[in-house]
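As stored in data.txt (compact mmCIF, C-alpha atoms):
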# COMPACT_ATOMS: atom_id res chain seq x y z
CA LEU K 5 30.07 -10.43 23.10
CA ALA K 6 27.94 -8.58 25.64
CA GLU K 7 24.94 -10.37 24.07
CA SER K 8 26.32 -13.74 25.17
CA PHE K 9 26.36 -12.57 28.79
CA GLY K 10 22.92 -11.03 28.66
CA LEU K 11 24.41 -7.67 29.66
CA SER K 12 25.03 -4.32 28.06
CA ARG K 13 28.56 -3.39 27.01
CA GLU K 14 28.79 -0.82 29.78
CA ALA K 15 27.68 -3.26 32.43
CA LEU K 16 30.15 -5.90 31.21
CA VAL K 17 33.35 -3.83 31.16
CA GLY K 18 35.41 -4.36 34.33
CA ARG K 19 33.59 -7.47 35.49
CA THR K 20 35.13 -10.90 35.90
CA TRP K 21 33.77 -13.81 33.88
CA PRO K 22 30.56 -14.93 35.64
CA ALA K 23 30.42 -18.45 37.01
CA HIS K 24 26.64 -18.69 36.68
CA GLY K 25 23.86 -17.42 34.41
CA ALA K 26 24.12 -16.33 30.81
CA GLY K 27 27.61 -16.74 29.36
CA ALA K 28 28.80 -18.62 32.45
CA LEU K 29 32.28 -20.08 32.42
CA THR K 30 31.37 -23.72 31.86
CA PRO K 31 34.01 -26.48 32.07
CA GLU K 32 34.20 -26.49 28.26
CA LEU K 33 34.76 -22.74 28.11
CA ARG K 34 37.19 -22.95 31.01
CA ALA K 35 39.29 -25.41 29.00
CA ARG K 36 39.23 -23.07 25.99
CA VAL K 37 40.20 -20.09 28.14
CA ASP K 38 43.11 -22.01 29.63
CA ALA K 39 44.25 -23.04 26.15
CA ALA K 40 44.09 -19.42 24.94
CA LEU K 41 46.12 -18.29 27.96
CA ARG K 42 48.72 -20.86 26.98
CA GLY K 43 48.92 -19.17 23.60
CA GLU K 44 46.70 -21.59 21.69
CA PRO K 45 44.03 -19.84 19.52
CA GLN K 46 40.52 -21.25 19.89
CA ALA K 47 37.67 -21.20 17.36
CA PHE K 48 34.22 -22.68 17.97
CA GLU K 49 30.48 -22.14 17.64
CA GLN K 50 28.39 -21.26 20.66
CA THR K 51 24.66 -20.92 21.23
CA VAL K 52 23.72 -18.07 23.55
CA PRO K 53 20.35 -16.79 24.80
CA ARG K 54 19.08 -13.48 23.49
CA ARG K 55 18.91 -10.61 25.95
CA ASP K 56 15.15 -10.30 25.43
CA GLY K 57 14.67 -14.00 26.17
CA ALA K 58 13.24 -14.65 22.71
CA GLY K 59 15.19 -17.73 21.68
CA THR K 60 18.91 -18.07 21.10
CA ARG K 61 21.64 -16.87 18.77
CA ALA K 62 24.42 -18.83 17.11
CA MET K 63 27.84 -17.21 17.58
CA LEU K 64 31.12 -18.00 15.85
CA VAL K 65 33.71 -17.30 18.55
CA ARG K 66 37.48 -17.03 18.41
CA TYR K 67 39.91 -16.59 21.32
CA GLU K 68 43.07 -14.94 20.04
CA PRO K 69 45.98 -14.85 22.55
CA ASP K 70 47.45 -11.41 23.33
CA ARG K 71 51.16 -11.97 23.43
CA GLY K 72 53.57 -9.52 25.03
CA PRO K 73 57.32 -9.50 25.65
CA ASP K 74 56.84 -11.62 28.76
CA GLY K 75 54.42 -14.11 27.21
CA VAL K 76 50.66 -14.30 26.99
CA ARG K 77 48.99 -11.59 29.02
CA GLY K 78 45.42 -12.31 28.03
CA PHE K 79 43.34 -12.94 24.94
CA TYR K 80 40.93 -11.21 22.64
CA VAL K 81 37.43 -12.58 22.13
CA LEU K 82 36.13 -12.16 18.59
CA ALA K 83 32.48 -13.10 18.16
CA GLN K 84 30.30 -13.04 15.08
CA ASP K 85 26.55 -13.62 15.00
CA VAL K 86 25.97 -16.44 12.48
CA SER K 87 22.37 -17.18 13.40
CA GLU K 88 21.06 -16.62 9.86
CA LEU K 89 23.81 -18.80 8.42
CA THR K 90 23.11 -21.52 10.96
CA GLU K 91 19.37 -21.38 10.26
CA SER K 92 20.02 -21.53 6.52
CA ARG K 93 22.32 -24.48 7.04
CA ALA K 94 19.64 -26.24 9.10
CA GLN K 95 17.04 -25.55 6.40
CA LEU K 96 19.40 -26.85 3.74
CA ALA K 97 20.04 -29.99 5.77
CA ALA K 98 16.28 -30.50 6.16
CA ALA K 99 15.76 -30.01 2.42
CA LEU K 100 18.54 -32.49 1.67
CA ARG K 101 16.93 -35.04 3.99
CA GLU K 102 13.59 -34.57 2.25
CA ASN K 103 15.24 -34.92 -1.15
CA GLN K 104 17.04 -38.06 -0.02
CA ALA K 105 13.77 -39.51 1.25
CA LEU K 106 12.05 -38.66 -2.04
CA LEU K 107 14.93 -40.09 -4.05
CA GLY K 108 14.82 -43.23 -1.92
CA THR K 109 11.10 -43.62 -2.65
CA ILE K 110 11.64 -43.09 -6.37
CA THR K 111 14.54 -45.53 -6.45
CA ALA K 112 12.53 -48.16 -4.60
CA HIS K 113 9.63 -48.05 -7.04
CA SER K 114 11.17 -46.98 -10.36
CA ILE K 115 13.71 -48.20 -12.88
CA VAL K 116 16.54 -45.68 -12.57
CA SER K 117 19.73 -45.10 -14.54
CA ILE K 118 22.22 -42.23 -14.67
CA THR K 119 24.53 -41.52 -17.60
CA ASP K 120 27.30 -39.03 -18.29
CA ALA K 121 26.97 -36.32 -20.94
CA ALA K 122 28.00 -38.81 -23.65
CA GLY K 123 25.24 -41.24 -22.67
CA ARG K 124 27.50 -43.80 -20.95
CA ILE K 125 25.86 -45.42 -17.96
CA VAL K 126 27.48 -44.50 -14.64
CA GLU K 127 24.86 -45.88 -12.26
CA VAL K 128 21.78 -48.11 -12.28
CA ASN K 129 19.51 -49.22 -9.47
CA ASP K 130 18.41 -52.76 -8.59
CA ASN K 131 15.11 -52.36 -10.46
CA PHE K 132 16.98 -51.63 -13.70
CA CYS K 133 19.04 -54.79 -13.21
CA ARG K 134 15.95 -56.88 -12.52
CA ALA K 135 14.09 -55.55 -15.56
CA SER K 136 17.02 -55.93 -17.96
CA GLY K 137 18.57 -59.10 -16.56
CA TYR K 138 22.02 -57.46 -16.57
CA THR K 139 24.19 -56.81 -13.55
CA SER K 140 25.40 -53.33 -12.71
CA ALA K 141 28.93 -54.32 -13.72
CA GLU K 142 27.65 -55.40 -17.17
CA LEU K 143 25.90 -52.05 -17.71
CA VAL K 144 28.19 -49.38 -16.28
CA GLY K 145 30.43 -47.90 -18.97
CA HIS K 146 28.07 -48.83 -21.81
CA THR K 147 25.28 -46.83 -23.44
CA HIS K 148 21.64 -47.89 -23.34
CA ALA K 149 22.21 -49.56 -26.71
CA VAL K 150 22.96 -52.67 -24.66
CA VAL K 151 19.21 -52.98 -23.95
CA SER K 152 18.00 -51.71 -27.33
CA SER K 153 15.24 -53.78 -28.93
CA LYS K 154 15.64 -52.04 -32.31
CA THR K 155 11.91 -51.31 -32.13
CA HIS K 156 12.34 -47.55 -32.53
CA ASP K 157 13.68 -45.99 -35.72
CA PRO K 158 16.67 -43.58 -35.78
CA GLY K 159 14.32 -40.61 -36.01
CA PHE K 160 12.80 -41.52 -32.66
CA TRP K 161 16.18 -41.45 -30.90
CA ALA K 162 17.26 -38.33 -32.78
CA ASP K 163 14.24 -36.53 -31.31
CA VAL K 164 15.05 -37.83 -27.82
CA TRP K 165 18.66 -36.63 -27.99
CA ALA K 166 17.73 -33.28 -29.53
CA THR K 167 15.34 -32.66 -26.63
CA ILE K 168 17.53 -33.67 -23.68
CA SER K 169 20.79 -32.26 -25.06
CA ALA K 170 19.00 -28.91 -25.27
CA GLY K 171 18.40 -29.10 -21.52
CA ARG K 172 14.74 -30.14 -21.68
CA SER K 173 13.08 -33.22 -20.20
CA TRP K 174 11.60 -35.89 -22.47
CA ARG K 175 8.88 -38.43 -21.73
CA GLY K 176 7.70 -41.36 -23.80
CA ASP K 177 7.28 -45.11 -24.09
CA VAL K 178 10.43 -47.11 -24.85
CA CYS K 179 10.73 -50.77 -25.81
CA ASN K 180 13.87 -52.48 -24.45
CA ARG K 181 15.25 -55.97 -24.83
CA ALA K 182 16.39 -57.89 -21.74
CA LYS K 183 19.47 -60.09 -21.56
CA ASP K 184 17.33 -63.23 -22.10
CA GLY K 185 15.94 -61.80 -25.36
CA SER K 186 12.51 -60.85 -24.05
CA VAL K 187 11.22 -57.35 -24.62
CA TYR K 188 9.78 -55.03 -22.01
CA TRP K 189 8.17 -51.60 -22.25
CA ILE K 190 8.85 -48.65 -19.97
CA ASP K 191 7.19 -45.27 -19.50
CA SER K 192 10.37 -43.22 -19.24
CA VAL K 193 11.22 -39.66 -18.17
CA LEU K 194 14.70 -38.45 -19.17
CA THR K 195 15.98 -35.36 -17.36
CA PRO K 196 19.26 -33.51 -18.04
CA PHE K 197 21.37 -32.03 -15.22
CA VAL K 198 23.42 -28.94 -16.02
CA ASP K 199 26.42 -27.33 -14.32
CA ALA K 200 26.83 -23.67 -13.34
CA SER K 201 27.72 -22.77 -16.94
CA GLY K 202 24.56 -24.40 -18.29
CA GLN K 203 26.34 -27.40 -19.82
CA VAL K 204 24.68 -30.81 -19.51
CA VAL K 205 26.84 -33.02 -17.30
CA ARG K 206 24.60 -36.05 -16.86
CA TYR K 207 21.18 -37.48 -17.58
CA ILE K 208 18.88 -39.35 -15.23
CA SER K 209 16.22 -41.76 -16.45
CA MET K 210 13.26 -42.70 -14.22
CA SER K 211 10.93 -45.29 -15.68
CA ASN K 212 8.02 -47.58 -14.86
CA ASP K 213 7.46 -51.00 -16.40
CA ILE K 214 4.32 -50.86 -18.56
CA THR K 215 4.78 -54.20 -20.32
CA ALA K 216 1.52 -55.59 -18.93
CA ARG K 217 -0.39 -52.52 -20.11
CA LYS K 218 1.15 -52.73 -23.59
CA ARG K 219 0.23 -56.41 -23.83
CA ALA K 220 -3.33 -55.67 -22.71
CA ASP K 221 -3.61 -52.86 -25.28
CA ALA K 222 -2.31 -55.15 -28.02
CA ALA K 223 -4.74 -57.89 -27.01
CA LEU K 224 -7.62 -55.41 -27.04
CA ARG K 225 -6.67 -54.15 -30.49
CA GLN K 226 -6.45 -57.71 -31.77
CA THR K 227 -9.84 -58.59 -30.29
CA THR K 228 -11.41 -55.42 -31.69
CA SER K 229 -9.95 -56.12 -35.12
CA LEU K 230 -11.17 -59.72 -35.02
CA LEU K 231 -14.62 -58.62 -33.91
CA GLY K 232 -14.72 -56.05 -36.68
CA SER K 233 -13.80 -58.69 -39.25
CA VAL K 234 -16.49 -61.04 -37.94
CA LEU K 235 -19.13 -58.33 -38.02
CA ASP K 236 -18.19 -57.23 -41.52
CA SER K 237 -18.24 -60.78 -42.86
CA ALA K 238 -21.59 -61.66 -41.32
CA SER K 239 -23.52 -60.49 -44.41
CA GLU K 240 -26.51 -62.76 -43.73
CA VAL K 241 -26.97 -61.51 -40.16
CA SER K 242 -27.99 -57.95 -39.31
CA ILE K 243 -25.92 -56.60 -36.43
CA ILE K 244 -26.46 -53.12 -35.04
CA ALA K 245 -24.90 -51.81 -31.83
CA THR K 246 -25.47 -48.54 -30.00
CA ASP K 247 -23.96 -46.69 -27.08
CA PRO K 248 -26.03 -45.88 -23.93
CA ALA K 249 -27.44 -42.79 -25.68
CA LEU K 250 -28.76 -45.05 -28.49
CA THR K 251 -26.28 -43.63 -30.99
CA ILE K 252 -25.32 -46.26 -33.57
CA THR K 253 -21.72 -47.46 -33.26
CA VAL K 254 -21.82 -50.68 -35.32
CA PHE K 255 -23.72 -51.29 -38.55
CA ASN K 256 -22.49 -54.39 -40.36
CA ALA K 257 -22.88 -55.60 -43.93
CA GLY K 258 -25.94 -57.70 -43.00
CA ALA K 259 -27.67 -54.58 -41.65
CA GLU K 260 -26.81 -52.73 -44.85
CA ARG K 261 -28.39 -55.53 -46.94
CA LEU K 262 -31.46 -55.76 -44.75
CA LEU K 263 -32.20 -52.06 -44.20
CA GLY K 264 -30.72 -50.52 -47.33
CA TYR K 265 -28.51 -48.00 -45.54
CA ALA K 266 -24.74 -47.78 -45.85
CA ALA K 267 -22.82 -47.93 -42.58
CA ALA K 268 -21.37 -44.45 -43.29
CA GLU K 269 -24.92 -43.06 -43.40
CA VAL K 270 -26.02 -44.27 -40.00
CA VAL K 271 -23.00 -44.76 -37.71
CA GLY K 272 -23.06 -41.80 -35.31
CA CYS K 273 -26.78 -41.24 -35.75
CA ALA K 274 -29.57 -41.97 -33.30
CA THR K 275 -31.48 -45.22 -33.80
CA PRO K 276 -34.97 -43.64 -34.11
CA MET K 277 -34.10 -42.58 -37.64
CA LEU K 278 -34.36 -46.22 -38.64
CA LEU K 279 -37.73 -46.79 -37.03
Written as structure tokens, that's how I'd like the structure from this file.
Amino acid sequence: LAESFGLSREALVGRTWPAHGAGALTPELRARVDAALRGEPQAFEQTVPRRDGAGTRAMLVRYEPDRGPDGVRGFYVLAQDVSELTESRAQLAAALRENQALLGTITAHSIVSITDAAGRIVEVNDNFCRASGYTSAELVGHTHAVVSSKTHDPGFWADVWATISAGRSWRGDVCNRAKDGSVYWIDSVLTPFVDASGQVVRYISMSNDITARKRADAALRQTTSLLGSVLDSASEVSIIATDPALTITVFNAGAERLLGYAAAEVVGCATPMLL
């Protein structure tokens, strides 16, 4: 208590409550004092300057009326320094704000869903609804089977469940089917959340739509396959291709006929060997 007045205990005993300076009887404190003298206990937090002038302290203060046979004759002041608790609370609040900002960013740019421990959807964001074509009301209460494309075999999903039910995160590409029948691919991260006893209580899925990339990869594979077929069938034309280091990467049937080498003998070798 003496700390709140900026005085030592010895200097404080016997003095009246100061009207000015550290610990002054402000209108708010005056109201609390009057209430305590009426027999009404008071409990509140108060910030007081440190005696050395280095910042402030947070105090949890209680005014407890001292009742005698003739009524209230004063009150006790009980004060506890809660500076560390207050600072921890402020740090926690700041961390929560940062987490909320991060979650907001993730939610704005990712496809997000949350399920219970049994895999039933309890929450989806707007991006999930846009990608799937379903409304939140159509999804909540169901499992992700509602958007299954049947592309992945049972072993795939068995591996997913074995991983996340063991408390580990899983990442992979998943093919889903939208309400209109179209398929879309997502790069998905599934993360389990556990309670104090270590039991999984829910799962959160954060995904990005990679349909365009999958289509581009498929188109590239198709083009590469077609080109390979054309090169192999061009037996009357010699076609040889190299990389920038002049290492042979393509040696078609026409080149085999013309030069007498098998493709397996020269692919991966430097071109000077043929000169």
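Using only C-alpha atoms, the shortest contact distance between Leu250 of chain K and any of K:Asn180, K:Ser233, K:Thr275, K:Thr228 is found at K:Thr275.
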If we count all atoms listed in the file and set the cut-off at 7 Å, which residues sit around segment 172-179 of chain K, ignoring sequence neighbours fewer than 3 positions away in its own chain? Please answer as a count of residues only. 15
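Between atom CA of Asp199 of chain K and atom CA of Ser169 of chain K the separation is 13.1 Å.
For the pair atom CA of Asp38 of chain K and atom CA of Thr60 of chain K, the separation is 26.0 Å.
Distance check against Ala268 of chain K using all atoms listed in the file: of K:Gln84, K:Asn256, K:Gly202, K:Ile243, the minimum falls on K:Asn256.
Put simply, atom CA of Glu269 of chain K is 14.5 Å away from atom CA of Thr246 of chain K.
For the residues K:Val86, K:Tyr80, K:Val254, K:Tyr207, ranking by smallest atom-to-atom distance to Arg61 of chain K using all atoms listed in the file places K:Val86 first.
Of the residues under consideration (K:Gly43, K:Gly171, K:Gly272, K:Gly123), K:Gly123 shows the shortest atom-to-atom contact distance to Ala149 of chain K when counting all atoms listed in the file.
Summary of the local environment: counting all atoms listed in the file, residues at most 6 Å from Ile115 of chain K, other than itself and those fewer than 2 positions away along its chain, are Asn131, Phe132, Met210 and Ser211 of chain K.
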Box for segment 127-143 of chain K - axis-aligned, 4 Å on each of the six sides, all listed atoms - centre and size in Å to one decimal, as lines of an AutoDock Vina configuration file.
center_x = 21.5
center_y = -52.5
center_z = -13.3
size_x = 22.8
size_y = 21.2
size_z = 17.4
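With all atoms listed in the file as the atoms that count, the residue of K:Ala182, K:Val116, K:Leu64, K:Ile214 with the shortest distance to Ala47 of chain K is K:Leu64.
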Any chance you could build segment 31-56 of chain K out to N, CA and C atoms and write it as a PDB file, keeping the file's coordinate frame?
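Printed below is selection_20.pdb as written:
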ATOM      1  N   PRO K  31      32.752 -25.719  32.171  1.00  0.00           N
ATOM      2  CA  PRO K  31      34.010 -26.480  32.070  1.00  0.00           C
ATOM      3  C   PRO K  31      34.584 -26.465  30.657  1.00  0.00           C
ATOM      4  N   GLU K  32      33.703 -26.517  29.634  1.00  0.00           N
ATOM      5  CA  GLU K  32      34.200 -26.490  28.260  1.00  0.00           C
ATOM      6  C   GLU K  32      34.854 -25.143  27.947  1.00  0.00           C
ATOM      7  N   LEU K  33      34.182 -24.058  28.349  1.00  0.00           N
ATOM      8  CA  LEU K  33      34.760 -22.740  28.110  1.00  0.00           C
ATOM      9  C   LEU K  33      36.019 -22.528  28.946  1.00  0.00           C
ATOM     10  N   ARG K  34      36.007 -23.067  30.162  1.00  0.00           N
ATOM     11  CA  ARG K  34      37.190 -22.950  31.010  1.00  0.00           C
ATOM     12  C   ARG K  34      38.403 -23.571  30.339  1.00  0.00           C
ATOM     13  N   ALA K  35      38.191 -24.728  29.696  1.00  0.00           N
ATOM     14  CA  ALA K  35      39.290 -25.410  29.000  1.00  0.00           C
ATOM     15  C   ALA K  35      39.771 -24.570  27.825  1.00  0.00           C
ATOM     16  N   ARG K  36      38.836 -23.907  27.120  1.00  0.00           N
ATOM     17  CA  ARG K  36      39.230 -23.070  25.990  1.00  0.00           C
ATOM     18  C   ARG K  36      39.976 -21.816  26.471  1.00  0.00           C
ATOM     19  N   VAL K  37      39.514 -21.251  27.575  1.00  0.00           N
ATOM     20  CA  VAL K  37      40.200 -20.090  28.140  1.00  0.00           C
ATOM     21  C   VAL K  37      41.633 -20.458  28.534  1.00  0.00           C
ATOM     22  N   ASP K  38      41.777 -21.585  29.218  1.00  0.00           N
ATOM     23  CA  ASP K  38      43.110 -22.010  29.630  1.00  0.00           C
ATOM     24  C   ASP K  38      44.022 -22.228  28.432  1.00  0.00           C
ATOM     25  N   ALA K  39      43.458 -22.813  27.354  1.00  0.00           N
ATOM     26  CA  ALA K  39      44.250 -23.040  26.150  1.00  0.00           C
ATOM     27  C   ALA K  39      44.674 -21.714  25.525  1.00  0.00           C
ATOM     28  N   ALA K  40      43.748 -20.730  25.501  1.00  0.00           N
ATOM     29  CA  ALA K  40      44.090 -19.420  24.940  1.00  0.00           C
ATOM     30  C   ALA K  40      45.172 -18.737  25.771  1.00  0.00           C
ATOM     31  N   LEU K  41      45.107 -18.891  27.087  1.00  0.00           N
ATOM     32  CA  LEU K  41      46.120 -18.290  27.960  1.00  0.00           C
ATOM     33  C   LEU K  41      47.472 -18.979  27.827  1.00  0.00           C
ATOM     34  N   ARG K  42      47.455 -20.174  27.265  1.00  0.00           N
ATOM     35  CA  ARG K  42      48.720 -20.860  26.980  1.00  0.00           C
ATOM     36  C   ARG K  42      49.260 -20.466  25.606  1.00  0.00           C
ATOM     37  N   GLY K  43      48.484 -19.608  24.918  1.00  0.00           N
ATOM     38  CA  GLY K  43      48.920 -19.170  23.600  1.00  0.00           C
ATOM     39  C   GLY K  43      48.344 -19.963  22.462  1.00  0.00           C
ATOM     40  N   GLU K  44      47.300 -20.760  22.723  1.00  0.00           N
ATOM     41  CA  GLU K  44      46.700 -21.590  21.690  1.00  0.00           C
ATOM     42  C   GLU K  44      45.373 -20.960  21.229  1.00  0.00           C
ATOM     43  N   PRO K  45      45.286 -20.446  20.008  1.00  0.00           N
ATOM     44  CA  PRO K  45      44.030 -19.840  19.520  1.00  0.00           C
ATOM     45  C   PRO K  45      42.898 -20.867  19.546  1.00  0.00           C
ATOM     46  N   GLN K  46      41.698 -20.396  19.823  1.00  0.00           N
ATOM     47  CA  GLN K  46      40.520 -21.250  19.890  1.00  0.00           C
ATOM     48  C   GLN K  46      39.445 -20.707  18.950  1.00  0.00           C
ATOM     49  N   ALA K  47      38.776 -21.590  18.246  1.00  0.00           N
ATOM     50  CA  ALA K  47      37.670 -21.200  17.360  1.00  0.00           C
ATOM     51  C   ALA K  47      36.558 -22.226  17.512  1.00  0.00           C
ATOM     52  N   PHE K  48      35.332 -21.757  17.734  1.00  0.00           N
ATOM     53  CA  PHE K  48      34.220 -22.680  17.970  1.00  0.00           C
ATOM     54  C   PHE K  48      32.904 -21.933  17.795  1.00  0.00           C
ATOM     55  N   GLU K  49      31.829 -22.715  17.702  1.00  0.00           N
ATOM     56  CA  GLU K  49      30.480 -22.140  17.640  1.00  0.00           C
ATOM     57  C   GLU K  49      29.842 -22.268  19.014  1.00  0.00           C
ATOM     58  N   GLN K  50      29.043 -21.267  19.354  1.00  0.00           N
ATOM     59  CA  GLN K  50      28.390 -21.260  20.660  1.00  0.00           C
ATOM     60  C   GLN K  50      26.976 -20.743  20.520  1.00  0.00           C
ATOM     61  N   THR K  51      26.047 -21.377  21.202  1.00  0.00           N
ATOM     62  CA  THR K  51      24.660 -20.920  21.230  1.00  0.00           C
ATOM     63  C   THR K  51      24.431 -20.142  22.508  1.00  0.00           C
ATOM     64  N   VAL K  52      23.930 -18.923  22.373  1.00  0.00           N
ATOM     65  CA  VAL K  52      23.720 -18.070  23.550  1.00  0.00           C
ATOM     66  C   VAL K  52      22.292 -17.554  23.541  1.00  0.00           C
ATOM     67  N   PRO K  53      21.715 -17.341  24.738  1.00  0.00           N
ATOM     68  CA  PRO K  53      20.350 -16.790  24.800  1.00  0.00           C
ATOM     69  C   PRO K  53      20.334 -15.321  24.413  1.00  0.00           C
ATOM     70  N   ARG K  54      19.241 -14.892  23.802  1.00  0.00           N
ATOM     71  CA  ARG K  54      19.080 -13.480  23.490  1.00  0.00           C
ATOM     72  C   ARG K  54      18.761 -12.697  24.759  1.00  0.00           C
ATOM     73  N   ARG K  55      19.142 -11.441  24.762  1.00  0.00           N
ATOM     74  CA  ARG K  55      18.910 -10.610  25.950  1.00  0.00           C
ATOM     75  C   ARG K  55      17.432 -10.470  26.264  1.00  0.00           C
ATOM     76  N   ASP K  56      16.587 -10.462  25.201  1.00  0.00           N
ATOM     77  CA  ASP K  56      15.150 -10.300  25.430  1.00  0.00           C
ATOM     78  C   ASP K  56      14.463 -11.607  25.759  1.00  0.00           C
TER      79      ASP K  56
END
